[in-house]
>>> print(open('upload_28.cif').read())   # mmCIF, C-alpha atoms and all ligand atoms
data_entry
#
loop_
_atom_site.label_atom_id
_atom_site.label_comp_id
_atom_site.auth_asym_id
_atom_site.auth_seq_id
_atom_site.Cartn_x
_atom_site.Cartn_y
_atom_site.Cartn_z
CA THR A 1 0.00 0.00 0.00
CA GLY A 2 3.07 2.24 0.16
CA LEU A 3 2.63 2.56 3.92
CA THR A 4 6.03 2.42 5.63
CA THR A 5 5.70 3.74 9.19
CA ILE A 6 4.09 2.25 12.24
CA ASP A 7 3.50 4.53 15.19
CA SER A 8 2.73 1.99 17.87
CA GLY A 9 1.16 3.73 20.85
CA PHE A 10 0.74 6.93 18.78
CA VAL A 11 3.99 8.36 20.14
CA ASN A 12 4.35 10.79 17.25
CA THR A 13 0.95 11.04 15.61
CA ALA A 14 -1.62 13.76 16.28
CA SER A 15 -5.09 12.33 15.87
CA THR A 16 -6.84 15.68 16.02
CA ARG A 17 -6.59 19.39 16.58
CA SER A 18 -8.04 20.60 19.87
CA ALA A 19 -8.59 23.90 21.70
CA ILE A 20 -9.26 22.43 25.13
CA THR A 21 -6.04 21.60 26.97
CA PHE A 22 -2.40 22.57 26.50
CA ILE A 23 0.49 20.50 27.85
CA ASP A 24 4.23 21.20 27.61
CA GLY A 25 5.70 17.94 28.89
CA GLU A 26 9.29 19.16 28.92
CA LYS A 27 8.49 22.14 31.11
CA GLY A 28 5.75 20.48 33.16
CA ILE A 29 3.01 22.91 32.09
CA LEU A 30 -0.73 22.10 32.03
CA ARG A 31 -3.45 24.59 31.10
CA TYR A 32 -7.21 24.22 30.66
CA ARG A 33 -8.41 26.63 27.94
CA GLY A 34 -5.29 28.70 28.64
CA TYR A 35 -5.66 28.86 32.43
CA PRO A 36 -2.75 27.32 34.41
CA ILE A 37 -3.74 24.24 36.42
CA GLU A 38 -2.25 25.78 39.58
CA GLN A 39 -4.69 28.72 39.35
CA ILE A 40 -7.62 26.46 38.51
CA ALA A 41 -6.86 24.31 41.57
CA GLN A 42 -6.69 27.35 43.81
CA LYS A 43 -9.55 29.48 42.52
CA SER A 44 -12.14 27.38 40.69
CA SER A 45 -14.72 24.73 41.51
CA PHE A 46 -15.38 21.37 39.86
CA LEU A 47 -18.48 22.54 37.99
CA GLU A 48 -17.00 25.89 36.97
CA THR A 49 -14.01 24.06 35.48
CA ALA A 50 -16.36 21.58 33.81
CA TRP A 51 -18.21 24.47 32.18
CA LEU A 52 -14.90 26.05 31.10
CA LEU A 53 -13.76 22.82 29.47
CA ILE A 54 -17.09 22.06 27.80
CA TYR A 55 -18.13 25.55 26.63
CA GLY A 56 -14.71 27.18 26.19
CA GLU A 57 -14.95 30.22 28.51
CA LEU A 58 -15.54 30.73 32.22
CA PRO A 59 -19.27 30.92 33.05
CA SER A 60 -20.90 34.06 34.40
CA ALA A 61 -22.28 33.75 37.94
CA SER A 62 -25.80 33.16 36.61
CA GLU A 63 -24.67 30.64 33.99
CA LEU A 64 -22.85 28.67 36.66
CA GLU A 65 -25.82 28.77 38.99
CA GLU A 66 -28.16 27.54 36.29
CA PHE A 67 -25.74 24.77 35.31
CA ASP A 68 -25.46 23.68 38.95
CA THR A 69 -29.25 23.75 39.41
CA ARG A 70 -29.88 21.71 36.26
CA ILE A 71 -27.34 19.10 37.33
CA ARG A 72 -28.91 18.85 40.81
CA ARG A 73 -32.29 18.31 39.17
CA HIS A 74 -31.04 15.31 37.20
CA THR A 75 -29.26 13.33 39.93
CA LEU A 76 -32.04 10.79 40.47
CA LEU A 77 -31.55 7.45 38.77
CA HIS A 78 -34.55 5.73 37.28
CA GLU A 79 -35.79 3.37 39.99
CA ASP A 80 -35.24 0.36 37.71
CA LEU A 81 -31.68 1.47 37.13
CA ARG A 82 -31.11 1.46 40.90
CA ARG A 83 -32.08 -2.20 40.79
CA PHE A 84 -29.65 -2.85 37.95
CA PHE A 85 -26.96 -2.99 40.64
CA ASP A 86 -28.71 -5.98 42.27
CA ALA A 87 -27.97 -8.11 39.22
CA LEU A 88 -24.20 -7.71 39.59
CA PRO A 89 -22.04 -9.65 42.05
CA THR A 90 -21.19 -7.90 45.33
CA ASN A 91 -17.48 -8.41 44.77
CA ALA A 92 -17.61 -6.82 41.28
CA HIS A 93 -14.96 -4.19 40.70
CA PRO A 94 -16.69 -0.76 40.93
CA MET A 95 -15.10 0.29 37.61
CA SER A 96 -16.84 -2.62 35.85
CA VAL A 97 -20.09 -1.64 37.54
CA LEU A 98 -19.66 2.00 36.52
CA SER A 99 -18.94 1.37 32.85
CA SER A 100 -21.93 -1.00 32.64
CA GLY A 101 -24.15 1.55 34.36
CA VAL A 102 -23.16 4.34 31.98
CA SER A 103 -23.71 2.06 29.02
CA ALA A 104 -27.16 1.24 30.39
CA LEU A 105 -28.08 4.95 30.43
CA SER A 106 -28.70 4.86 26.69
CA THR A 107 -31.36 2.20 27.29
CA TYR A 108 -33.25 4.60 29.59
CA TYR A 109 -32.63 7.74 27.53
CA GLN A 110 -33.05 6.52 23.98
CA ASP A 111 -33.25 10.09 22.72
CA SER A 112 -29.46 10.04 23.28
CA LEU A 113 -29.24 7.94 20.13
CA SER A 114 -29.33 11.16 18.06
CA PRO A 115 -25.90 12.55 18.93
CA LYS A 116 -26.00 15.21 16.20
CA ASP A 117 -29.00 16.99 17.76
CA PRO A 118 -27.68 19.93 19.89
CA ALA A 119 -30.58 19.82 22.38
CA GLN A 120 -29.97 16.11 22.83
CA VAL A 121 -26.25 16.63 23.40
CA GLU A 122 -27.06 19.27 26.01
CA ILE A 123 -29.44 17.10 28.03
CA SER A 124 -27.15 14.06 27.77
CA THR A 125 -24.30 16.20 29.13
CA ILE A 126 -26.37 17.27 32.13
CA ARG A 127 -27.68 13.77 32.78
CA LEU A 128 -24.23 12.26 32.69
CA LEU A 129 -22.65 14.87 34.97
CA ALA A 130 -25.55 14.42 37.42
CA LYS A 131 -25.81 10.64 37.39
CA LEU A 132 -22.22 9.40 37.14
CA PRO A 133 -21.37 10.32 40.78
CA VAL A 134 -24.59 8.67 41.96
CA MET A 135 -23.82 5.46 40.08
CA ALA A 136 -20.25 5.58 41.41
CA ALA A 137 -21.50 5.89 44.99
CA TYR A 138 -23.94 3.01 44.45
CA ALA A 139 -21.09 0.87 43.10
CA HIS A 140 -19.29 1.64 46.38
CA LYS A 141 -22.32 0.97 48.61
CA LYS A 142 -23.01 -2.26 46.77
CA SER A 143 -19.41 -3.43 47.35
CA ILE A 144 -19.70 -2.89 51.13
CA GLY A 145 -23.24 -4.21 51.44
CA GLN A 146 -24.89 -0.94 52.51
CA ALA A 147 -28.22 0.52 51.40
CA PHE A 148 -28.25 3.13 48.64
CA LEU A 149 -29.22 6.67 49.62
CA TYR A 150 -31.21 9.00 47.41
CA PRO A 151 -29.26 12.07 46.29
CA ASP A 152 -29.62 15.14 48.53
CA ASN A 153 -30.03 17.97 46.05
CA SER A 154 -29.67 20.63 48.72
CA LEU A 155 -25.96 19.75 48.70
CA SER A 156 -23.23 20.77 46.27
CA PHE A 157 -21.91 18.33 43.68
CA VAL A 158 -19.03 17.14 45.84
CA ASP A 159 -20.90 17.15 49.17
CA ASN A 160 -23.75 15.17 47.69
CA PHE A 161 -21.26 12.63 46.41
CA LEU A 162 -19.61 12.34 49.84
CA LYS A 163 -22.96 11.84 51.52
CA LEU A 164 -24.00 9.17 49.02
CA ASN A 165 -20.75 7.32 49.77
CA PHE A 166 -20.40 7.76 53.51
CA GLY A 167 -23.90 8.56 54.76
CA THR A 168 -26.15 5.76 55.99
CA LEU A 169 -29.89 5.45 56.45
CA ALA A 170 -29.28 4.95 60.17
CA GLU A 171 -27.61 8.24 61.09
CA PRO A 172 -27.46 11.86 59.94
CA TYR A 173 -24.33 12.68 57.97
CA GLU A 174 -22.25 15.86 58.21
CA VAL A 175 -19.82 16.64 55.41
CA ASN A 176 -16.31 17.38 56.64
CA PRO A 177 -15.31 20.63 54.86
CA VAL A 178 -11.63 19.62 54.73
CA VAL A 179 -12.51 16.41 52.91
CA SER A 180 -14.96 18.22 50.64
CA ARG A 181 -12.51 20.88 49.53
CA ALA A 182 -9.67 18.37 49.10
CA LEU A 183 -11.82 16.05 46.99
CA GLU A 184 -13.04 18.95 44.86
CA ARG A 185 -9.44 20.00 44.27
CA LEU A 186 -8.41 16.47 43.28
CA LEU A 187 -11.35 16.11 40.92
CA MET A 188 -10.45 19.43 39.27
CA LEU A 189 -6.88 18.25 38.72
CA HIS A 190 -8.23 15.25 36.82
CA GLU A 191 -10.76 17.08 34.63
CA ASP A 192 -8.83 16.96 31.39
CA HIS A 193 -5.49 15.84 30.00
CA GLU A 194 -5.83 16.15 26.21
CA GLN A 195 -5.43 12.98 24.12
CA ASN A 196 -4.76 10.39 26.86
CA ALA A 197 -5.88 6.79 26.21
CA SER A 198 -9.40 7.14 27.64
CA THR A 199 -10.13 10.49 25.97
CA SER A 200 -8.80 9.19 22.66
CA THR A 201 -11.10 6.19 23.14
CA VAL A 202 -14.09 8.45 23.75
CA ARG A 203 -13.23 10.36 20.58
CA LEU A 204 -12.67 7.20 18.52
CA VAL A 205 -15.97 5.66 19.58
CA GLY A 206 -17.70 9.02 19.15
CA SER A 207 -16.26 9.42 15.65
CA THR A 208 -18.58 6.63 14.53
CA GLU A 209 -21.49 8.87 15.66
CA ALA A 210 -22.10 6.61 18.65
CA ASN A 211 -23.97 8.34 21.47
CA LEU A 212 -22.36 10.12 24.43
CA PHE A 213 -23.16 7.39 26.97
CA ALA A 214 -21.69 4.64 24.75
CA SER A 215 -18.57 6.74 24.10
CA VAL A 216 -18.00 7.60 27.77
CA SER A 217 -18.61 4.01 28.85
CA ALA A 218 -15.79 3.00 26.48
CA GLY A 219 -13.62 5.74 28.01
CA ILE A 220 -14.26 4.36 31.51
CA ASN A 221 -13.10 0.94 30.35
CA ALA A 222 -9.93 2.43 28.88
CA LEU A 223 -9.28 4.28 32.14
CA PHE A 224 -9.60 1.04 34.13
CA GLY A 225 -6.19 -0.31 33.04
CA PRO A 226 -3.27 0.00 35.51
CA LEU A 227 -1.10 1.88 33.01
CA HIS A 228 -3.77 4.61 32.91
CA GLY A 229 -6.28 5.52 35.65
CA GLY A 230 -5.93 2.13 37.32
CA ALA A 231 -2.46 3.28 38.39
CA ASN A 232 -3.84 5.03 41.49
CA GLU A 233 -5.15 1.70 42.77
CA ALA A 234 -1.94 -0.05 41.70
CA VAL A 235 0.17 2.50 43.62
CA LEU A 236 -1.62 1.79 46.86
CA LYS A 237 -1.30 -1.95 46.35
CA MET A 238 2.43 -1.48 45.67
CA LEU A 239 2.92 0.62 48.81
CA GLY A 240 0.96 -1.91 50.86
CA GLU A 241 3.07 -4.78 49.52
CA ILE A 242 6.30 -2.97 50.29
CA GLN A 243 5.01 -2.36 53.80
CA SER A 244 3.81 -5.91 54.48
CA SER A 245 6.74 -7.70 52.85
CA GLY A 246 9.20 -5.72 54.96
CA GLU A 247 11.66 -5.88 52.04
CA GLY A 248 12.41 -2.16 52.23
CA VAL A 249 12.06 0.56 49.66
CA GLU A 250 15.56 0.23 48.24
CA LYS A 251 15.12 -3.47 47.50
CA TYR A 252 11.87 -2.71 45.69
CA VAL A 253 13.55 -0.03 43.58
CA GLU A 254 16.29 -2.52 42.68
CA ARG A 255 13.64 -4.95 41.45
CA VAL A 256 12.07 -2.19 39.35
CA LYS A 257 15.46 -1.33 37.83
CA ASN A 258 16.14 -5.00 37.08
CA LYS A 259 12.75 -5.08 35.34
CA GLU A 260 11.93 -8.14 37.40
CA HIS A 261 8.76 -9.84 36.08
CA GLY A 262 7.74 -6.50 34.61
CA VAL A 263 7.81 -4.80 38.05
CA ARG A 264 7.33 -1.05 37.59
CA LEU A 265 7.31 1.86 39.93
CA MET A 266 3.59 2.56 39.69
CA GLY A 267 2.64 6.24 39.70
CA PHE A 268 5.93 7.10 38.01
CA GLY A 269 6.57 8.00 34.38
CA HIS A 270 4.39 9.57 31.75
CA ARG A 271 4.18 9.57 27.99
CA VAL A 272 4.11 13.34 27.81
CA TYR A 273 5.73 14.68 31.00
CA LYS A 274 9.48 14.41 30.98
CA ASN A 275 9.55 16.56 34.09
CA TYR A 276 7.57 16.63 37.35
CA ASP A 277 3.86 16.26 36.54
CA PRO A 278 2.42 19.62 37.70
CA ARG A 279 -0.64 17.79 39.06
CA ALA A 280 1.60 15.56 41.19
CA THR A 281 3.10 18.65 42.84
CA LEU A 282 -0.38 19.85 43.80
CA VAL A 283 -1.53 16.40 44.94
CA LYS A 284 1.54 15.99 47.13
CA GLU A 285 0.74 19.28 48.90
CA SER A 286 -2.82 18.07 49.43
CA ALA A 287 -1.65 14.73 50.84
CA HIS A 288 0.19 16.45 53.69
CA GLU A 289 -2.59 18.96 54.32
CA VAL A 290 -5.43 16.44 54.32
CA LEU A 291 -3.71 13.85 56.47
CA ALA A 292 -2.72 16.55 58.98
CA ALA A 293 -6.21 18.08 59.03
CA LEU A 294 -7.84 14.68 59.50
CA GLY A 295 -5.29 13.69 62.13
CA VAL A 296 -4.36 10.61 60.08
CA LYS A 297 -0.88 9.16 60.29
CA ASP A 298 -0.25 6.73 57.46
CA ASP A 299 3.06 4.91 57.05
CA LEU A 300 2.23 4.48 53.36
CA LEU A 301 2.82 8.23 52.87
CA ASP A 302 6.31 7.82 54.37
CA ILE A 303 6.99 4.87 52.07
CA ALA A 304 5.79 6.90 49.06
CA GLN A 305 8.07 9.79 49.96
CA GLU A 306 11.03 7.50 50.45
CA LEU A 307 10.35 5.85 47.08
CA GLU A 308 10.16 9.25 45.42
CA HIS A 309 13.38 10.43 47.05
CA ILE A 310 15.32 7.33 46.04
CA ALA A 311 13.95 7.32 42.49
CA LEU A 312 14.58 11.00 41.82
CA ASN A 313 18.23 10.53 42.83
CA ASP A 314 18.79 7.37 40.83
CA ASP A 315 20.36 7.17 37.36
CA TYR A 316 17.74 4.71 36.03
CA PHE A 317 14.91 7.18 36.64
CA GLN A 318 16.94 10.27 35.74
CA GLU A 319 18.09 8.88 32.38
CA ARG A 320 14.54 7.93 31.46
CA LYS A 321 13.09 11.16 32.84
CA LEU A 322 10.68 9.32 35.13
CA TYR A 323 8.95 11.52 37.70
CA PRO A 324 5.91 11.02 39.94
CA ASN A 325 2.66 11.42 38.00
CA VAL A 326 -0.81 12.43 39.20
CA ASP A 327 -1.55 8.93 40.49
CA PHE A 328 1.41 8.67 42.86
CA TYR A 329 -0.03 10.47 45.89
CA THR A 330 -3.79 10.48 45.25
CA GLY A 331 -4.42 7.03 46.73
CA VAL A 332 -3.01 7.95 50.12
CA ILE A 333 -5.49 10.85 50.27
CA TYR A 334 -8.48 8.83 49.08
CA LYS A 335 -7.64 6.20 51.69
CA ALA A 336 -7.51 8.84 54.44
CA MET A 337 -10.94 10.05 53.29
CA GLY A 338 -12.30 6.53 53.77
CA PHE A 339 -12.58 5.28 50.18
CA PRO A 340 -11.70 1.62 49.59
CA THR A 341 -8.80 1.05 47.19
CA ARG A 342 -11.08 -0.27 44.46
CA MET A 343 -12.91 3.08 44.35
CA PHE A 344 -9.81 5.12 43.48
CA THR A 345 -10.09 4.78 39.70
CA VAL A 346 -13.81 5.48 39.94
CA LEU A 347 -12.90 8.83 41.50
CA PHE A 348 -10.56 9.46 38.57
CA ALA A 349 -13.47 8.72 36.21
CA ILE A 350 -15.74 11.26 37.92
CA GLY A 351 -12.94 13.81 37.69
CA ARG A 352 -12.24 13.08 34.02
CA LEU A 353 -15.87 13.14 32.89
CA PRO A 354 -15.98 16.85 31.91
CA GLY A 355 -12.89 16.34 29.75
CA TRP A 356 -14.43 13.36 27.99
CA VAL A 357 -17.62 15.30 27.36
CA ALA A 358 -15.72 18.38 26.14
CA HIS A 359 -13.68 16.29 23.68
CA TRP A 360 -16.68 14.34 22.45
CA ARG A 361 -18.52 17.60 21.77
CA GLU A 362 -15.51 19.28 20.18
CA MET A 363 -15.06 16.27 17.91
CA ASN A 364 -18.73 16.32 16.89
CA GLU A 365 -18.63 20.04 16.14
CA ASP A 366 -15.39 19.96 14.14
CA PRO A 367 -16.15 19.74 10.41
CA ALA A 368 -12.73 18.11 9.92
CA THR A 369 -13.75 15.06 11.98
CA LYS A 370 -13.72 11.75 10.14
CA ILE A 371 -14.37 8.29 11.46
CA GLY A 372 -11.23 7.10 13.29
CA ARG A 373 -9.76 4.31 11.25
CA PRO A 374 -6.01 3.61 11.63
CA GLN A 375 -3.95 1.79 9.01
CA GLN A 376 -1.86 -1.34 9.57
CA LEU A 377 1.16 -2.98 8.02
CA TYR A 378 0.11 -6.49 7.08
CA ILE A 379 2.74 -9.09 8.11
CA GLY A 380 0.72 -12.28 7.55
CA SER A 381 0.81 -14.96 4.91
CA PRO A 382 0.77 -14.02 1.22
CA ALA A 383 -2.26 -15.20 -0.79
CA ARG A 384 -2.63 -18.99 -0.82
CA ASP A 385 -5.23 -21.48 -1.99
CA PHE A 386 -7.53 -23.12 0.52
CA PRO A 387 -6.73 -26.87 0.50
CA THR A 388 -9.11 -29.27 -1.24
CA ARG A 389 -10.25 -31.91 1.27
N1 LIG A 401 8.83 2.15 36.38
C1 LIG A 401 9.97 1.65 35.84
N2 LIG A 401 10.37 1.89 34.59
C2 LIG A 401 9.59 2.65 33.83
C3 LIG A 401 8.38 3.21 34.30
C4 LIG A 401 8.01 2.92 35.62
N3 LIG A 401 6.88 3.40 36.13
N4 LIG A 401 7.80 3.92 33.33
C5 LIG A 401 8.61 3.84 32.27
N5 LIG A 401 9.71 3.07 32.56
C6 LIG A 401 10.85 2.77 31.70
C7 LIG A 401 10.49 1.75 30.63
O1 LIG A 401 10.77 0.44 31.09
C8 LIG A 401 11.39 2.16 29.50
O2 LIG A 401 12.69 1.72 29.80
P1 LIG A 401 13.68 1.19 28.63
O3 LIG A 401 14.00 2.38 27.78
O4 LIG A 401 14.85 0.63 29.37
O5 LIG A 401 12.90 0.13 27.88
C9 LIG A 401 11.41 3.70 29.59
O6 LIG A 401 11.16 3.98 30.98
C10 LIG A 401 10.35 4.39 28.73
O7 LIG A 401 9.08 3.83 29.11
P2 LIG A 401 7.90 3.52 28.11
O8 LIG A 401 7.18 2.33 28.62
O9 LIG A 401 8.41 3.49 26.70
O10 LIG A 401 7.03 4.82 28.31
P3 LIG A 401 5.56 5.06 27.79
O11 LIG A 401 5.45 6.49 27.44
O12 LIG A 401 5.19 4.08 26.75
O13 LIG A 401 4.67 4.71 29.08
C11 LIG A 401 3.54 4.93 31.14
C12 LIG A 401 4.14 5.66 29.94
C13 LIG A 401 2.78 5.93 32.00
C14 LIG A 401 2.57 3.85 30.65
C15 LIG A 401 4.69 4.29 31.95
O14 LIG A 401 5.56 5.28 32.43
C16 LIG A 401 4.18 3.43 33.12
O15 LIG A 401 3.87 2.25 32.91
N6 LIG A 401 4.07 4.01 34.35
C17 LIG A 401 3.50 3.27 35.47
C18 LIG A 401 1.99 3.33 35.39
C19 LIG A 401 1.44 4.70 35.74
O16 LIG A 401 1.83 5.29 36.73
N7 LIG A 401 0.49 5.17 34.92
C20 LIG A 401 -0.19 6.45 35.15
C21 LIG A 401 0.13 7.45 34.09
S1 LIG A 401 -0.32 9.13 34.52
C22 LIG A 401 -2.02 9.33 34.65
C23 LIG A 401 -2.87 8.41 33.91
O17 LIG A 401 -2.88 8.36 32.70
O18 LIG A 401 -3.61 7.69 34.57
#
>>> encode(input="upload_28.cif", output="structure tokens", more="lines below")
Ligand code: CMC
Amino acid sequence: TGLTTIDSGFVNTASTRSAITFIDGEKGILRYRGYPIEQIAQKSSFLETAWLLIYGELPSASELEEFDTRIRRHTLLHEDLRRFFDALPTNAHPMSVLSSGVSALSTYYQDSLSPKDPAQVEISTIRLLAKLPVMAAYAHKKSIGQAFLYPDNSLSFVDNFLKLNFGTLAEPYEVNPVVSRALERLLMLHEDHEQNASTSTVRLVGSTEANLFASVSAGINALFGPLHGGANEAVLKMLGEIQSSGEGVEKYVERVKNKEHGVRLMGFGHRVYKNYDPRATLVKESAHEVLAALGVKDDLLDIAQELEHIALNDDYFQERKLYPNVDFYTGVIYKAMGFPTRMFTVLFAIGRLPGWVAHWREMNEDPATKIGRPQQLYIGSPARDFPTR
């Protein structure tokens, strides 16, 4: 066919143009619609940032209020959809539950099957932003055998989510403002990251004119893997294993460097950042603040810091420009907040949702969009005749 290059992993191929997020991986810069991530984390809210990503500019006060109100109004799941969770095993991974739940949304909202209709795209956006956290909390409740709560729409996006996860029918629940602000900040840091594997998946599925729920469900499945969003869960498992094995941090780093059975330093390295991930800097600050404010002392944070210190001063990591990424310290914070390890990637998914939606919409609005259809270099058998038997 005249095709001579393979770009496995798309290391050097742009699949699209995009006006949403800017990254300079050499300098460690991340901006949403031009605004530096550090300023977003300090000054914005989850929904304001979602609006910025999806619609391109910061909302006015009244636009934000209306957006917030509409999302609160759509938090309820169809009662049958609540029962959908009963059909799944209690020990199911919450990420599997979440992707199935989002996929099921297009069975309840069949108007979503017209993804080119702007009014439809708008209502699907609101429904998804409103219902994903509720489904995530139900996946959590299901896994610990507790009753589901109905959303409390007097609460903000994040506080409602906390109540759905940690409230019970037996007792009143008070949101801890330290936890609320810290979770909001973490979710904001995850909102977009240009053409990562899950966002590229959302765009690829969406390029076939599949609906928003189908596209985002595919994105959740891409995020599940330990090389992507699943890394936050994998980091905590790694820290726990180092702690329980008693082998010591240095020994573990040696095993990583020897590439023993594919052992990696989870939460380290990034395709784009060849410098400290700016999100990791912010998450690390939060880890100390949140644990101090909650009065939690966790040896896993000490192990993480020791790992980081050893790695940053080691030739193996320096030569390969491997630095902590966003997933390295998040797990320690989520654990201090009370989330089970298997919920960590679900939290990443809630954070990333506005980015997925923004990219799906940008792709649909861009006249240059074509169905995603990569080429291959065929390396199989030449033509041959099927044997006569
Ligand atoms: N530990 C040990 N060695 C590593 C690591 C690591 N975490 N990451 C990369 N390397 C080595 C790799 O073995 C290779 O070495 P060599 O040149 O000797 O073969 C070199 O560094 C380049 O790595 P690569 O695999 O070609 O890099 P990539 O851009 O294809 O992969 C990555 C990026 C994030 C998948 C990888 O760094 C990794 O597996 N990290 C651990 C998982 C992780 O933390 N993922 C979260 C990513 S950030 C947020 C997100 O997307 O969720």
>>> residues_near_ligand(input="upload_28.cif", ligand="ligand LIG 401 (chain A)", cutoff="6 Å", atoms="all atoms listed in the file", output="count of residues only")
17
>>> atom_distance(input="upload_28.cif", atom1="atom CA of Leu155 of chain A", atom2="atom CA of Pro36 of chain A")
28.3 Å
>>> closest_residue(input="upload_28.cif", among="A:Ile20, A:Ile303, A:Ala147, A:Gly28", to="Gly246 of chain A", atoms="only C-alpha atoms")
A:Ile303
>>> atom_distance(input="upload_28.cif", atom1="atom CA of Leu132 of chain A", atom2="atom CA of Thr341 of chain A")
18.7 Å
>>> atom_distance(input="upload_28.cif", atom1="atom CA of Lys142 of chain A", atom2="atom CA of Ala50 of chain A")
27.9 Å
>>> closest_residue(input="upload_28.cif", among="A:Gly295, A:Pro151, A:Pro324, A:Gly372", to="Arg72 of chain A", atoms="all atoms listed in the file")
A:Pro151
>>> closest_atom_pairs(input="upload_28.cif", of="segment 337-386 of chain A", to="segment 56-68 of chain A", cutoff="12 Å", atoms="only C-alpha atoms", output="CSV")
residue,atom,partner,partner_atom,distance
A:Pro354,CA,A:Gly56,CA,11.9
A:Gly355,CA,A:Gly56,CA,11.6
A:Ala358,CA,A:Gly56,CA,8.9
A:His359,CA,A:Gly56,CA,11.2
A:Arg361,CA,A:Gly56,CA,11.2
A:Glu362,CA,A:Gly56,CA,10.0
>>> axis_aligned_box(input="upload_28.cif", around="segment 186-200 of chain A", padding_each_side="8 Å", output="lines of an AutoDock Vina configuration file")
center_x = -8.1
center_y = 13.1
center_z = 33.0
size_x = 22.6
size_y = 28.6
size_z = 36.6
>>> closest_residue(input="upload_28.cif", among="A:Ala130, A:Asn313, A:Pro340, A:Ser215", to="Ile144 of chain A", atoms="only C-alpha atoms")
A:Pro340
>>> closest_residue(input="upload_28.cif", among="A:Ile371, A:Ala14, A:Val175, A:Leu3", to="Ser207 of chain A", atoms="all atoms listed in the file")
A:Ile371
>>> closest_residue(input="upload_28.cif", among="A:Leu30, A:Met343, A:Leu77, A:Ala19", to="Ala280 of chain A", atoms="only C-alpha atoms")
A:Leu30
>>> closest_residue(input="upload_28.cif", among="A:Ile40, A:Leu81, A:Val158, A:Val205", to="Asn364 of chain A", atoms="only C-alpha atoms")
A:Val205
>>> residues_around(input="upload_28.cif", residues="Ser124 of chain A", least_positions_apart="4", cutoff="7 Å", atoms="all atoms listed in the file", output="MDAnalysis selection string")
chainID A and resid 112 120 128
>>> residues_near_point(input="upload_28.cif", point="(-1.9, 21.4, 26.1)", cutoff="9 Å", atoms="only C-alpha atoms", output="PyMOL selection string")
chain A and resi 18-25+29-34+193-194
